[in-house]
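Please read the structure below before turning to the comments.
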Amino acid sequence: MRPVTWWKLLSQLRFKVTFSSLPLLVGVSVATPFNTAMAWMQALLFGKRIRETQLAGAPVFIVGHWRSGTTMLHELLSLDERFGSPTTYQCFAPSHFLVSQWFFRRFATWLLPGRRPMDNMAAGWDRPQEDEFALMNLGLPSPYRRIAMPIDPRVDIEYLDLCSDSISDDDRESWLAGLRKFLQTVTVSCGRPLIIKSPTHTGRVGFLADAFSGSKFIHITRDPRTLYASTLRLWKSLDEVQSVTHTNHESLPNYVISCFDQMYKGFDRDFANIDRQRIIEIRYEDLVSDPANTLRRVYEELALGDFSHIQEPLLHWVETVHRGYQSNRHELESEDRERVETNMASYIQRYGYERD
C-alpha cells in the first residue's frame, strides 16, 4: 500500500489551499489520531476473525462508466435482502467501521447531506456505496485521489485497468489483497453475498474474475454524449465540495476522455475472456423505462436466485421513488459532441447509440 503522507499532500498543494478548504484540512488533522486509534482497536478485536473470514458467496460487480446508472442499479439490487453491500460509512471508515459504525449510525447522521451534490440522489451512512472510496481511504492507489487534489488530475489513472506497465506484479497483488481484505471485513459485518459497485472496476473485470472465484458482472451502458456531459458535471461538483486546492477545469474534457480510453481498453481486452454465464450487459435507458423486466433478465441470466423475492420492494420503488423520474438533460456544444463521437465511436457502434 502507498498511504498519502502529509508531506506528499502539502507538496502537491503548492500553496494553493483556499480559505474555504481550511476547515476541511483542520478536520482531517483532528480526525487522524481518532482514525489511527480506532484502526488499532479493530485490528486487536477483529484482526484474526477478518483474516479467517471467507466471503459468504461469489460477489456481483456492477461496472460501467461514471453516470451510466451504476448507482441506480446498485440501489435496486440492494433491495434484495439476500445480498449485502459496502455502506457509505464502511467505505469512508474502512479501517475501523466494525467498532465505530454503531455510533455514527445513531449519533452522526447530521455529518452527511441528505442528497448527493452531483445528482440529488439520497445519501446516508447506510446507503450502498462505491468500494473505491474504501480502497483510497486504506491508502491503496486510486484515481479518486484527484478529488482532493485536482491540480494533478491524472493521478493513479493507470489503476483504471491494472494492466499498465507502470504497475508491478507486487503492487497489483497488494492492491487486490487490499480489496479482498476490505470485502472480508464487510462480510464480517453483514454475513451475506456482496453486491459491489464501482465505475473504476470497469477496466479491471479480468483481474477481478480471476481473483474472486465465481464472481459475476453487470455492465451497464448509456449514451456516451450524456455520459460525457454528466461526468464533467460530476467532477466539477466534487471539486467544488471536496477539493482542498484551487480548481482548474480546463483539463477536465481531456481527463474524461483519457479515463474512458483507459477504462474501456481494459474492459474490451477482458470481456472476451469472461464466461458469458458470468457477465451481462444492460442499457441505462432500458433500466429507467422498464426496471422490472430489466432486473428480471439480470437475475435469470446470472442465476442470482428467485426474482420474486425482490418483486414487491421493486414495485414499491417504481410506484414511489421512480414515479415521475426524469433524467437530467445535457446539451453539448458542437466541439464537445465531435470530441465524444470521435473518441467514443466504437462504444457508440457496439452499444447502438448511433444518431441520425
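As shown in the C-alpha cells, the chain order sets the letters A, B, ...; within each chain, residues go from 1, and ligands are also counted from 1 in the order they appear.
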DSSP alpha helix (DSSP H) selection over segment 8-227 of chain A, as a ChimeraX atom specification
/A:8-13,22-52,70-77,88-92,97-107,131-137,169-190,205-211,224-227
At a cut-off of 12 Å, using only C-alpha atoms, what residues contact Leu44 of chain A? Leave out same-chain residues fewer than 4 positions from it and give the result as a list in words.
Ala37, Met38, Ala39, Trp40, Lys48, Arg49, Ile50, Ser95, His96, Leu98 and Val99 of chain A
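If only C-alpha atoms are the atoms counted, then among A:Leu135, A:Val321, A:Ala56, A:Ala229 the closest residue to Phe92 of chain A is A:Leu135.
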Assign secondary structure with DSSP using the backbone only, and return the residues of segment 189-246 of chain A in strand (DSSP E or B) as number ranges by chain.
A: 194-197, 216-221
Atomic distance atom CA of Arg269 of chain A - atom CA of His201 of chain A, expressed in Å with one decimal
13.6 Å
Each segment 48-73 of chain A residue no farther than 7 Å from segment 191-199 of chain A, nearest pair in Å, only C-alpha atoms, as a Markdown table:
```
| residue | atom | partner | partner_atom | distance |
| --- | --- | --- | --- | --- |
| A:Leu55 | CA | A:Pro193 | CA | 6.8 |
| A:Ala56 | CA | A:Pro193 | CA | 4.9 |
| A:Gly57 | CA | A:Pro193 | CA | 4.6 |
| A:Ala58 | CA | A:Pro193 | CA | 6.4 |
| A:Pro59 | CA | A:Leu194 | CA | 4.9 |
| A:Val60 | CA | A:Ile195 | CA | 4.9 |
| A:Phe61 | CA | A:Ile196 | CA | 4.7 |
| A:Ile62 | CA | A:Lys197 | CA | 4.6 |
| A:Val63 | CA | A:Pro199 | CA | 5.1 |
| A:Gly64 | CA | A:Pro199 | CA | 5.1 |
| A:His65 | CA | A:Pro199 | CA | 5.2 |
| A:Trp66 | CA | A:Pro199 | CA | 5.5 |
| A:Thr70 | CA | A:Lys197 | CA | 6.9 |
```
Measuring between only C-alpha atoms, which one of A:Ala303, A:Glu130, A:Ser289, A:Arg145 shows the shortest distance to Gly214 of chain A?
A:Ala303
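Every protein or nucleic acid residue with an atom no more than 10 Å from segment 339-345 of chain A, counting only C-alpha atoms and leaving out same-chain residues fewer than 2 positions away, appears here: Pro224, Arg225, Thr226, Leu227, Tyr228, Ala229, Pro253, Asn254, Val256, Ile257, Ser258, Phe260, Asp261, Tyr264, Leu332, Glu333, Ser334, Glu335, Asp336, Arg337, Tyr347, Ile348, Gln349, Arg350, Tyr353 and Glu354 of chain A.
When atom CA of Leu77 of chain A is paired with atom CA of Trp317 of chain A, their separation reads 11.5 Å.
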Rounded to one decimal place, report the atom CA of Arg180 of chain A-atom CA of Pro86 of chain A distance in Å.
12.7 Å
9 Å contact set for segment 277-283 of chain A, only C-alpha atoms, chain neighbours under 3 positions out, as a ChimeraX atom specification:
/A:68-69,209,214-223,271,274,286-288,294,298,301-303,351
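Taking only C-alpha atoms into account, Leu73 of chain A lies nearest to A:Leu295 out of the set A:Leu208, A:Met263, A:Leu295, A:Leu315.
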Please identify all polymer residues within 12 Å of Pro141 of chain A, counting only C-alpha atoms, omitting same-chain residues fewer than 5 positions from it, and present them as a list in words.
Met1, Arg2, Pro3, Val4, Glu132, Phe133, Ala134, Leu135, Met136, Arg146, Val155, Asp156, Ile157, Glu158, Tyr159, Leu160, Leu162, Ile167, Asp171, Arg172, Ser174, Trp175, Leu176, Gly178, Leu179 and Thr200 of chain A
